[in-house]
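Below is one structure; the comments refer to it alone.
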Amino acid sequence: MSSHSNHNVDIHDEENYDPTVWVPKVESHGTKSLWSRFWILLGLTIADVVAYFAWPPGIERNVFFILMGVLKAWYIVGTFMHMKYEKKSLGYMIILPMILIIFFLIWMMYEGNFWNSFK
Amino acid sequence: MSTQTISKSSIWRGGNSPFKVSYGKLMMWVFLLSDAFTFSSLLVAYGAIRYSYPSTELAQIESLELSFAENVQEKFAAPGVDAHHGEHFIPALRDLDVFTELQWPSPDLVFNHFPFAHGLHLPLIFVSLMTLILILSSVTMVLAVEAGQRGDKKAVSTWMLLTIIGGFMFLGCQAWEWTNFITAGATPNANPYGPPAFAALFFGVTGFHGFHVFSGVVLNIIIYVNNLMGTYEKRGHYEMVEKVGLYWHFVDLVWVFVFTFFYLI
(Lines give C-alpha, C1' and ligand atoms only; values in the text may rest on other atoms or scores of the structure.)
Protein backbone atom coordinates (compact mmCIF):
# COMPACT_ATOMS: atom_id res chain seq x y z
CA MET A 1 0.00 0.00 0.00
CA SER A 2 2.68 2.46 0.97
CA SER A 3 4.48 3.47 -2.18
CA HIS A 4 6.77 5.78 -0.17
CA SER A 5 8.95 2.85 0.81
CA ASN A 6 9.13 1.52 -2.75
CA HIS A 7 12.54 2.59 -4.02
CA ASN A 8 11.80 1.45 -7.58
CA VAL A 9 9.31 4.30 -8.11
CA ASP A 10 10.74 7.32 -9.94
CA ILE A 11 9.07 10.21 -8.09
CA HIS A 12 9.70 12.58 -11.03
CA ASP A 13 8.31 10.27 -13.78
CA GLU A 14 5.58 12.07 -15.75
CA GLU A 15 4.63 8.97 -17.75
CA ASN A 16 3.85 6.87 -14.67
CA TYR A 17 2.11 9.53 -12.63
CA ASP A 18 1.37 8.46 -9.04
CA PRO A 19 -0.24 11.37 -7.13
CA THR A 20 0.88 10.00 -3.75
CA VAL A 21 4.57 10.41 -4.55
CA TRP A 22 4.96 12.43 -7.76
CA VAL A 23 6.82 15.75 -7.50
CA PRO A 24 8.26 17.82 -10.33
CA LYS A 25 12.03 18.23 -10.52
CA VAL A 26 13.06 21.55 -8.95
CA GLU A 27 16.11 23.67 -9.36
CA SER A 28 17.38 26.62 -7.37
CA HIS A 29 16.99 30.08 -8.92
CA GLY A 30 19.71 31.47 -6.67
CA THR A 31 19.46 33.83 -3.70
CA LYS A 32 20.23 37.12 -5.45
CA SER A 33 16.61 37.88 -6.45
CA LEU A 34 15.41 36.92 -2.95
CA TRP A 35 17.60 39.52 -1.25
CA SER A 36 16.72 42.14 -3.86
CA ARG A 37 13.02 41.54 -3.05
CA PHE A 38 13.79 41.98 0.65
CA TRP A 39 15.33 45.41 -0.01
CA ILE A 40 12.34 46.36 -2.20
CA LEU A 41 9.86 45.33 0.52
CA LEU A 42 11.89 47.20 3.16
CA GLY A 43 11.94 50.29 0.93
CA LEU A 44 8.16 50.13 0.35
CA THR A 45 7.53 49.84 4.12
CA ILE A 46 9.79 52.84 4.82
CA ALA A 47 7.97 54.78 2.07
CA ASP A 48 4.68 53.94 3.86
CA VAL A 49 5.99 55.35 7.15
CA VAL A 50 7.37 58.49 5.47
CA ALA A 51 4.05 59.04 3.63
CA TYR A 52 2.17 58.57 6.92
CA PHE A 53 4.04 61.43 8.59
CA ALA A 54 4.51 63.69 5.56
CA TRP A 55 1.05 63.46 3.99
CA PRO A 56 -2.15 64.64 5.75
CA PRO A 57 -4.91 61.98 6.05
CA GLY A 58 -7.33 61.73 3.15
CA ILE A 59 -8.64 59.59 0.34
CA GLU A 60 -5.52 60.11 -1.85
CA ARG A 61 -3.24 58.88 0.93
CA ASN A 62 -5.48 55.82 1.51
CA VAL A 63 -5.38 54.96 -2.21
CA PHE A 64 -1.57 55.28 -2.07
CA PHE A 65 -1.37 52.89 0.93
CA ILE A 66 -3.62 50.31 -0.76
CA LEU A 67 -1.56 50.46 -3.98
CA MET A 68 1.62 49.99 -1.91
CA GLY A 69 -0.03 46.94 -0.25
CA VAL A 70 -0.86 45.45 -3.67
CA LEU A 71 2.72 46.10 -4.84
CA LYS A 72 4.12 44.33 -1.74
CA ALA A 73 1.71 41.42 -2.35
CA TRP A 74 2.99 41.24 -5.94
CA TYR A 75 6.60 40.73 -4.80
CA ILE A 76 5.70 38.31 -1.96
CA VAL A 77 3.49 36.08 -4.15
CA GLY A 78 5.68 36.35 -7.26
CA THR A 79 9.13 35.70 -5.80
CA PHE A 80 8.75 34.37 -2.25
CA MET A 81 5.84 32.06 -3.12
CA HIS A 82 7.44 31.15 -6.49
CA MET A 83 4.33 32.07 -8.47
CA LYS A 84 6.38 33.51 -11.34
CA TYR A 85 7.99 30.07 -11.86
CA GLU A 86 4.62 28.21 -11.87
CA LYS A 87 2.34 27.58 -14.85
CA LYS A 88 0.16 30.58 -15.74
CA SER A 89 -3.05 28.55 -15.29
CA LEU A 90 -2.23 28.01 -11.59
CA GLY A 91 -1.54 31.73 -11.17
CA TYR A 92 -4.90 32.71 -12.72
CA MET A 93 -6.74 30.18 -10.52
CA ILE A 94 -5.36 31.80 -7.35
CA ILE A 95 -5.10 35.49 -8.30
CA LEU A 96 -8.35 36.17 -10.25
CA PRO A 97 -10.71 35.47 -7.29
CA MET A 98 -8.64 37.79 -5.11
CA ILE A 99 -8.89 40.63 -7.67
CA LEU A 100 -12.71 40.31 -7.51
CA ILE A 101 -12.56 40.60 -3.69
CA ILE A 102 -11.10 44.13 -4.06
CA PHE A 103 -14.37 45.29 -5.68
CA PHE A 104 -16.36 43.75 -2.80
CA LEU A 105 -14.16 45.59 -0.29
CA ILE A 106 -14.74 48.95 -2.02
CA TRP A 107 -18.52 48.36 -2.31
CA MET A 108 -18.81 47.51 1.38
CA MET A 109 -16.87 50.66 2.36
CA TYR A 110 -19.45 52.70 0.42
CA GLU A 111 -22.23 50.68 2.04
CA GLY A 112 -20.78 51.37 5.52
CA ASN A 113 -20.63 55.06 4.72
CA PHE A 114 -24.34 54.90 3.84
CA TRP A 115 -25.17 53.37 7.28
CA ASN A 116 -23.40 56.39 8.76
CA SER A 117 -26.11 58.67 7.32
CA PHE A 118 -28.79 56.83 9.38
CA LYS A 119 -27.17 57.51 12.74
CA MET B 1 8.12 4.65 -25.98
CA SER B 2 8.89 8.30 -26.57
CA THR B 3 7.19 8.75 -29.93
CA GLN B 4 4.63 11.26 -28.61
CA THR B 5 5.34 14.93 -29.25
CA ILE B 6 2.92 16.42 -26.69
CA SER B 7 4.04 16.39 -23.06
CA LYS B 8 1.60 14.40 -20.98
CA SER B 9 1.50 17.18 -18.40
CA SER B 10 -0.12 19.60 -20.87
CA ILE B 11 -3.40 17.67 -21.21
CA TRP B 12 -6.38 17.63 -18.88
CA ARG B 13 -7.72 14.09 -18.83
CA GLY B 14 -6.41 12.72 -15.57
CA GLY B 15 -3.35 10.67 -14.86
CA ASN B 16 -1.06 13.69 -14.80
CA SER B 17 -0.68 17.12 -13.21
CA PRO B 18 -1.64 19.86 -15.73
CA PHE B 19 -0.37 22.50 -13.29
CA LYS B 20 2.92 20.55 -13.05
CA VAL B 21 2.81 20.74 -9.24
CA SER B 22 2.46 17.90 -6.77
CA TYR B 23 -0.90 17.07 -5.20
CA GLY B 24 0.19 18.40 -1.80
CA LYS B 25 1.38 21.73 -3.16
CA LEU B 26 -1.79 22.22 -5.23
CA MET B 27 -3.91 21.55 -2.15
CA MET B 28 -1.81 24.04 -0.13
CA TRP B 29 -2.57 26.70 -2.76
CA VAL B 30 -6.30 25.85 -2.67
CA PHE B 31 -6.26 26.04 1.14
CA LEU B 32 -4.49 29.40 1.03
CA LEU B 33 -7.10 30.74 -1.40
CA SER B 34 -9.91 29.70 0.97
CA ASP B 35 -8.00 31.19 3.92
CA ALA B 36 -7.56 34.41 1.93
CA PHE B 37 -11.37 34.51 1.57
CA THR B 38 -11.71 34.22 5.35
CA PHE B 39 -9.32 37.12 5.95
CA SER B 40 -11.01 39.09 3.17
CA SER B 41 -14.36 38.72 4.92
CA LEU B 42 -12.80 40.08 8.13
CA LEU B 43 -11.25 43.03 6.27
CA VAL B 44 -14.51 43.69 4.36
CA ALA B 45 -16.34 43.76 7.72
CA TYR B 46 -13.68 46.16 9.01
CA GLY B 47 -14.07 48.45 5.97
CA ALA B 48 -17.87 48.54 6.26
CA ILE B 49 -17.98 49.14 10.03
CA ARG B 50 -15.07 51.61 10.03
CA TYR B 51 -16.77 53.85 7.41
CA SER B 52 -20.10 53.66 9.25
CA TYR B 53 -18.41 56.07 11.72
CA PRO B 54 -16.98 59.49 10.88
CA SER B 55 -13.18 59.77 11.02
CA THR B 56 -11.41 61.80 13.70
CA GLU B 57 -11.31 65.36 12.37
CA LEU B 58 -7.87 66.48 11.26
CA ALA B 59 -8.42 69.79 13.10
CA GLN B 60 -8.97 67.84 16.35
CA ILE B 61 -5.67 66.01 15.99
CA GLU B 62 -3.85 69.22 15.06
CA SER B 63 -5.34 71.05 18.05
CA LEU B 64 -3.53 68.56 20.34
CA GLU B 65 -0.22 69.82 18.88
CA LEU B 66 1.35 66.41 19.40
CA SER B 67 4.72 65.98 17.79
CA PHE B 68 6.84 62.89 17.27
CA ALA B 69 8.62 61.56 20.41
CA GLU B 70 6.91 64.04 22.73
CA ASN B 71 6.22 63.18 26.36
CA VAL B 72 2.44 62.80 26.23
CA GLN B 73 2.05 61.67 29.86
CA GLU B 74 3.38 64.97 31.21
CA LYS B 75 1.56 67.03 28.62
CA PHE B 76 -1.86 65.57 29.49
CA ALA B 77 -1.51 65.14 33.27
CA ALA B 78 -3.80 67.22 35.47
CA PRO B 79 -1.99 69.76 37.71
CA GLY B 80 -0.57 68.13 40.85
CA VAL B 81 -0.74 64.58 39.43
CA ASP B 82 2.44 62.56 39.02
CA ALA B 83 2.59 62.09 35.25
CA HIS B 84 4.72 58.97 35.53
CA HIS B 85 1.99 56.96 37.23
CA GLY B 86 -1.21 56.00 35.51
CA GLU B 87 -2.54 56.85 32.08
CA HIS B 88 -3.52 60.50 31.62
CA PHE B 89 -3.68 60.56 27.87
CA ILE B 90 -7.01 58.73 27.41
CA PRO B 91 -9.12 60.59 30.06
CA ALA B 92 -7.76 63.94 28.83
CA LEU B 93 -8.69 63.15 25.22
CA ARG B 94 -12.11 61.87 26.31
CA ASP B 95 -12.68 65.25 28.00
CA LEU B 96 -11.69 67.01 24.78
CA ASP B 97 -14.24 64.88 22.80
CA VAL B 98 -11.46 63.42 20.64
CA PHE B 99 -12.16 59.90 21.93
CA THR B 100 -15.95 59.51 21.82
CA GLU B 101 -18.27 56.65 20.87
CA LEU B 102 -19.43 58.78 17.93
CA GLN B 103 -16.23 58.82 15.85
CA TRP B 104 -13.59 56.31 14.79
CA PRO B 105 -10.31 56.92 16.68
CA SER B 106 -7.26 57.82 14.60
CA PRO B 107 -4.77 54.90 14.85
CA ASP B 108 -2.15 57.61 15.31
CA LEU B 109 -3.54 58.30 18.79
CA VAL B 110 -4.20 54.66 19.78
CA PHE B 111 -1.10 52.72 18.75
CA ASN B 112 1.59 55.23 19.72
CA HIS B 113 3.66 53.18 22.19
CA PHE B 114 7.17 51.78 21.91
CA PRO B 115 8.97 49.51 24.44
CA PHE B 116 11.14 51.38 26.99
CA ALA B 117 9.77 54.72 25.75
CA HIS B 118 7.01 55.10 28.31
CA GLY B 119 4.75 58.11 27.83
CA LEU B 120 6.27 59.07 24.48
CA HIS B 121 4.15 59.68 21.40
CA LEU B 122 5.65 57.34 18.76
CA PRO B 123 2.89 56.35 16.33
CA LEU B 124 3.44 53.59 13.73
CA ILE B 125 7.07 52.87 14.72
CA PHE B 126 6.39 49.64 16.66
CA VAL B 127 4.15 48.07 13.98
CA SER B 128 6.72 49.00 11.33
CA LEU B 129 9.27 47.05 13.37
CA MET B 130 6.83 44.10 13.52
CA THR B 131 6.44 44.30 9.73
CA LEU B 132 10.23 44.28 9.32
CA ILE B 133 10.53 41.18 11.58
CA LEU B 134 7.89 39.31 9.56
CA ILE B 135 9.41 40.26 6.18
CA LEU B 136 12.86 39.15 7.43
CA SER B 137 11.45 35.81 8.61
CA SER B 138 9.86 35.42 5.15
CA VAL B 139 13.30 35.91 3.59
CA THR B 140 14.92 33.29 5.88
CA MET B 141 12.04 30.92 5.01
CA VAL B 142 12.55 31.33 1.27
CA LEU B 143 16.30 30.81 1.79
CA ALA B 144 15.45 27.51 3.56
CA VAL B 145 13.34 26.53 0.52
CA GLU B 146 16.23 27.44 -1.81
CA ALA B 147 18.65 25.36 0.30
CA GLY B 148 16.19 22.46 0.07
CA GLN B 149 16.16 22.74 -3.73
CA ARG B 150 19.93 22.24 -3.63
CA GLY B 151 19.52 19.35 -1.14
CA ASP B 152 21.64 21.18 1.45
CA LYS B 153 20.31 19.71 4.72
CA LYS B 154 22.52 21.78 7.01
CA ALA B 155 21.55 25.11 5.40
CA VAL B 156 17.85 24.14 5.61
CA SER B 157 18.31 23.65 9.39
CA THR B 158 20.01 27.02 9.86
CA TRP B 159 17.44 29.04 7.89
CA MET B 160 14.46 27.17 9.43
CA LEU B 161 15.79 27.91 12.93
CA LEU B 162 16.09 31.63 12.08
CA THR B 163 12.53 31.57 10.69
CA ILE B 164 11.23 30.03 13.92
CA ILE B 165 13.03 32.71 15.98
CA GLY B 166 11.51 35.41 13.75
CA GLY B 167 8.05 33.92 14.31
CA PHE B 168 8.47 33.97 18.10
CA MET B 169 9.75 37.56 17.95
CA PHE B 170 6.65 38.62 16.03
CA LEU B 171 4.35 36.81 18.50
CA GLY B 172 6.16 38.53 21.39
CA CYS B 173 5.60 41.94 19.76
CA GLN B 174 1.94 41.15 19.24
CA ALA B 175 1.57 40.09 22.90
CA TRP B 176 3.11 43.44 23.93
CA GLU B 177 0.73 45.33 21.62
CA TRP B 178 -2.29 43.47 23.03
CA THR B 179 -1.10 44.06 26.63
CA ASN B 180 -0.96 47.83 26.01
CA PHE B 181 -4.43 47.86 24.49
CA ILE B 182 -5.94 45.66 27.24
CA THR B 183 -4.35 47.57 30.15
CA ALA B 184 -5.78 50.77 28.65
CA GLY B 185 -9.21 49.17 29.26
CA ALA B 186 -10.09 47.62 25.91
CA THR B 187 -12.11 44.39 25.75
CA PRO B 188 -14.07 42.87 22.84
CA ASN B 189 -17.08 44.97 23.88
CA ALA B 190 -15.51 48.03 25.52
CA ASN B 191 -13.06 50.56 24.16
CA PRO B 192 -11.81 53.70 25.97
CA TYR B 193 -10.60 55.17 22.64
CA GLY B 194 -14.00 55.20 20.92
CA PRO B 195 -16.58 52.80 19.47
CA PRO B 196 -16.44 49.27 20.98
CA ALA B 197 -16.46 47.88 17.40
CA PHE B 198 -12.91 49.22 16.99
CA ALA B 199 -11.64 46.99 19.81
CA ALA B 200 -13.75 44.01 18.69
CA LEU B 201 -12.33 44.23 15.16
CA PHE B 202 -8.79 44.77 16.45
CA PHE B 203 -8.94 41.68 18.67
CA GLY B 204 -10.75 39.67 15.99
CA VAL B 205 -8.47 40.42 13.05
CA THR B 206 -5.06 40.61 14.78
CA GLY B 207 -6.06 37.63 16.96
CA PHE B 208 -6.97 35.54 13.93
CA HIS B 209 -3.72 36.59 12.24
CA GLY B 210 -1.69 35.92 15.40
CA PHE B 211 -3.21 32.45 15.65
CA HIS B 212 -2.09 31.82 12.06
CA VAL B 213 1.44 32.96 12.97
CA PHE B 214 1.39 30.61 15.97
CA SER B 215 0.24 27.66 13.79
CA GLY B 216 2.96 28.58 11.29
CA VAL B 217 5.63 28.50 14.01
CA VAL B 218 4.38 25.04 15.11
CA LEU B 219 4.52 23.78 11.50
CA ASN B 220 8.01 25.29 11.09
CA ILE B 221 9.21 23.48 14.23
CA ILE B 222 7.83 20.16 12.89
CA ILE B 223 9.66 20.72 9.58
CA TYR B 224 12.85 21.70 11.43
CA VAL B 225 12.78 18.50 13.54
CA ASN B 226 11.92 16.32 10.51
CA ASN B 227 14.85 17.82 8.61
CA LEU B 228 17.23 17.15 11.53
CA MET B 229 16.05 13.51 11.56
CA GLY B 230 16.82 13.24 7.84
CA THR B 231 13.22 12.60 6.73
CA TYR B 232 13.53 14.73 3.59
CA GLU B 233 17.02 13.46 2.75
CA LYS B 234 15.60 9.91 2.70
CA ARG B 235 12.54 11.01 0.69
CA GLY B 236 14.77 12.52 -1.98
CA HIS B 237 13.19 15.98 -2.06
CA TYR B 238 12.50 18.91 0.29
CA GLU B 239 9.07 19.89 -1.05
CA MET B 240 7.57 19.83 2.46
CA VAL B 241 9.77 22.86 3.30
CA GLU B 242 8.32 24.64 0.27
CA LYS B 243 4.70 23.78 1.16
CA VAL B 244 5.03 25.06 4.74
CA GLY B 245 6.96 28.00 3.30
CA LEU B 246 3.90 28.90 1.19
CA TYR B 247 1.82 29.04 4.37
CA TRP B 248 4.43 31.18 6.13
CA HIS B 249 4.58 33.68 3.25
CA PHE B 250 0.78 33.82 3.23
CA VAL B 251 0.86 34.86 6.90
CA ASP B 252 3.32 37.64 5.94
CA LEU B 253 1.03 38.65 3.07
CA VAL B 254 -2.00 38.94 5.37
CA TRP B 255 0.04 41.10 7.76
CA VAL B 256 0.79 43.52 4.89
CA PHE B 257 -2.97 44.16 4.58
CA VAL B 258 -3.67 44.19 8.34
CA PHE B 259 -0.88 46.80 8.62
CA THR B 260 -2.41 48.82 5.76
CA PHE B 261 -6.01 48.76 7.01
CA PHE B 262 -5.57 48.97 10.79
CA TYR B 263 -2.56 51.23 11.16
CA LEU B 264 -2.11 53.29 7.99
CA ILE B 265 -5.68 54.08 6.91
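Residue names in the C-alpha coordinates use chain letters A, B, ... in the order shown, residue numbers from 1 in each chain, and ligand numbers from 1 in the order shown.
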
* To do: Please identify all polymer residues within 10 Å of region 231-240 of chain B, counting only C-alpha atoms, omitting same-chain residues fewer than 3 positions from it, and present them as a VMD selection string.
  => (chain A and resid 4 to 5 7 11 21 23 to 26) or (chain B and resid 22 24 to 25 144 to 153 156 223 225 to 228 243 to 246)

* Could you list the residues in chain A lying within 8 Å of chain B, using only C-alpha atoms, and format the result as an MDAnalysis selection string? => chainID A and resid 4 14:15 17:20 22:24 26:31 34:35 38 41:42 45 48:49 52 57 62 65:66 69 72:73 76:77 80:81 86:87 89:90 94 98 101 104:105 108:116

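With only C-alpha atoms as the atoms that count, the minimum distance from Asn180 (chain B) to the choices B:Ser63, B:Pro115, B:Pro107, B:Glu74 is reached by B:Pro115.
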
* Please, which residues of chain A, numbered as in this document, come out alpha helix (DSSP H) from DSSP, as a PyMOL selection string? -> chain A and resi 32-54+59-75+88-116

* Asked: Could you pull the residues within 9 Å of Ala78 (chain B), counting only C-alpha atoms, minus those fewer than 4 positions along the same chain, as a list in words?
  -> Glu74, Asp82, Ala83, His88 and Ala92 of chain B

Save out the residues we just selected, all heavy atoms, as a short mmCIF file (atom, residue, chain, number, x, y, z; two decimals), in the first residue's frame.
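This is the output file part27.cif:
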data_model
loop_
_atom_site.label_atom_id
_atom_site.label_comp_id
_atom_site.auth_asym_id
_atom_site.auth_seq_id
_atom_site.Cartn_x
_atom_site.Cartn_y
_atom_site.Cartn_z
N GLU B 74 3.24 63.70 30.49
CA GLU B 74 3.38 64.97 31.21
C GLU B 74 2.47 66.02 30.62
O GLU B 74 1.86 66.80 31.34
CB GLU B 74 4.84 65.43 31.14
CG GLU B 74 5.68 64.82 32.25
CD GLU B 74 7.17 64.95 32.01
OE1 GLU B 74 7.57 65.89 31.28
OE2 GLU B 74 7.92 64.11 32.53
N ASP B 82 1.17 63.08 39.51
CA ASP B 82 2.44 62.56 39.02
C ASP B 82 2.23 61.93 37.65
O ASP B 82 1.54 60.92 37.51
CB ASP B 82 2.99 61.52 40.01
CG ASP B 82 4.37 61.03 39.60
OD1 ASP B 82 4.85 61.44 38.52
OD2 ASP B 82 4.96 60.23 40.35
N ALA B 83 2.83 62.53 36.64
CA ALA B 83 2.59 62.09 35.25
C ALA B 83 3.17 60.72 34.96
O ALA B 83 2.83 60.11 33.95
CB ALA B 83 3.18 63.11 34.28
N HIS B 88 -2.79 59.23 31.63
CA HIS B 88 -3.52 60.50 31.62
C HIS B 88 -4.02 60.85 30.24
O HIS B 88 -4.90 61.68 30.08
CB HIS B 88 -2.62 61.63 32.13
CG HIS B 88 -2.05 61.34 33.46
ND1 HIS B 88 -2.80 61.41 34.62
CD2 HIS B 88 -0.82 60.91 33.83
CE1 HIS B 88 -2.04 61.07 35.64
NE2 HIS B 88 -0.84 60.74 35.19
N ALA B 92 -7.87 62.55 29.32
CA ALA B 92 -7.76 63.94 28.83
C ALA B 92 -8.40 64.06 27.44
O ALA B 92 -9.13 65.01 27.17
CB ALA B 92 -6.29 64.35 28.78
#

Please list as a CSV table (one decimal) with N, CA, C and O atoms, in the first residue's frame every residue within 12 Å of region 95-97 of chain B, counting only C-alpha atoms and excluding residues in the same chain fewer than 3 positions away.
chain,number,residue,atom,x,y,z
B,56,THR,N,-11.8,60.7,12.8
B,56,THR,CA,-11.4,61.8,13.7
B,56,THR,C,-11.0,63.0,12.8
B,56,THR,O,-10.3,62.9,11.9
B,57,GLU,N,-11.6,64.2,13.2
B,57,GLU,CA,-11.3,65.4,12.4
B,57,GLU,C,-9.8,65.7,12.4
B,57,GLU,O,-9.2,65.7,13.5
B,60,GLN,N,-9.0,68.3,15.0
B,60,GLN,CA,-9.0,67.8,16.3
B,60,GLN,C,-7.6,67.3,16.7
B,60,GLN,O,-7.1,67.6,17.8
B,61,ILE,N,-7.0,66.6,15.7
B,61,ILE,CA,-5.7,66.0,16.0
B,61,ILE,C,-4.7,67.1,16.0
B,61,ILE,O,-3.8,67.2,16.9
B,63,SER,N,-5.2,70.2,16.9
B,63,SER,CA,-5.3,71.0,18.1
B,63,SER,C,-4.6,70.5,19.3
B,63,SER,O,-4.3,71.2,20.2
B,64,LEU,N,-4.3,69.2,19.2
B,64,LEU,CA,-3.5,68.6,20.3
B,64,LEU,C,-2.1,69.0,20.3
B,64,LEU,O,-1.3,68.8,21.3
B,76,PHE,N,-0.4,65.7,29.2
B,76,PHE,CA,-1.9,65.6,29.5
B,76,PHE,C,-2.2,65.3,30.9
B,76,PHE,O,-3.3,65.0,31.3
B,78,ALA,N,-3.1,66.1,34.8
B,78,ALA,CA,-3.8,67.2,35.5
B,78,ALA,C,-2.8,67.8,36.4
B,78,ALA,O,-1.9,67.2,36.9
B,88,HIS,N,-2.8,59.2,31.6
B,88,HIS,CA,-3.5,60.5,31.6
B,88,HIS,C,-4.0,60.8,30.2
B,88,HIS,O,-4.9,61.7,30.1
B,89,PHE,N,-3.4,60.2,29.3
B,89,PHE,CA,-3.7,60.6,27.9
B,89,PHE,C,-5.1,60.3,27.5
B,89,PHE,O,-5.8,61.2,27.0
B,90,ILE,N,-5.7,59.1,27.8
B,90,ILE,CA,-7.0,58.7,27.4
B,90,ILE,C,-8.1,59.6,28.1
B,90,ILE,O,-8.9,60.2,27.4
B,91,PRO,N,-8.1,59.7,29.4
B,91,PRO,CA,-9.1,60.6,30.1
B,91,PRO,C,-9.1,62.0,29.5
B,91,PRO,O,-10.1,62.6,29.3
B,92,ALA,N,-7.9,62.6,29.3
B,92,ALA,CA,-7.8,63.9,28.8
B,92,ALA,C,-8.4,64.1,27.4
B,92,ALA,O,-9.1,65.0,27.2
B,100,THR,N,-14.5,59.7,21.5
B,100,THR,CA,-15.9,59.5,21.8
B,100,THR,C,-16.5,58.3,21.1
B,100,THR,O,-15.9,57.9,20.1
B,101,GLU,N,-17.6,57.8,21.5
B,101,GLU,CA,-18.3,56.6,20.9
B,101,GLU,C,-18.8,57.0,19.5
B,101,GLU,O,-19.2,56.2,18.7
B,102,LEU,N,-18.8,58.3,19.2
B,102,LEU,CA,-19.4,58.8,17.9
B,102,LEU,C,-18.5,58.8,16.7
B,102,LEU,O,-18.9,59.0,15.6
B,103,GLN,N,-17.2,58.8,17.0
B,103,GLN,CA,-16.2,58.8,15.9
B,103,GLN,C,-15.1,57.8,16.0
B,103,GLN,O,-14.8,57.4,17.1
B,104,TRP,N,-14.6,57.3,14.8
B,104,TRP,CA,-13.6,56.3,14.8
B,104,TRP,C,-12.3,56.9,15.3
B,104,TRP,O,-11.9,58.0,14.7
B,105,PRO,N,-11.6,56.3,16.2
B,105,PRO,CA,-10.3,56.9,16.7
B,105,PRO,C,-9.2,56.8,15.6
B,105,PRO,O,-9.2,55.9,14.9
B,192,PRO,N,-11.9,52.3,25.5
B,192,PRO,CA,-11.8,53.7,26.0
B,192,PRO,C,-11.5,54.7,24.9
B,192,PRO,O,-11.6,55.9,25.1
B,193,TYR,N,-11.0,54.3,23.7
B,193,TYR,CA,-10.6,55.2,22.6
B,193,TYR,C,-11.8,55.6,21.7
B,193,TYR,O,-11.6,56.5,20.9
B,194,GLY,N,-12.9,54.9,21.8
B,194,GLY,CA,-14.0,55.2,20.9
B,194,GLY,C,-15.0,54.1,20.8
B,194,GLY,O,-15.3,53.4,21.8

* To do: Report as a PyMOL selection string: the residues of region 18-147 of chain B with a DSSP assignment of strand (DSSP E), based on the backbone of this structure.
  => chain B and resi 70-71+120-121

* Asked: Which one of B:Ile182, B:Leu120, B:Val127, B:Cys173 sits closest to Ile46 (chain A) if you count only C-alpha atoms?
  -> B:Val127
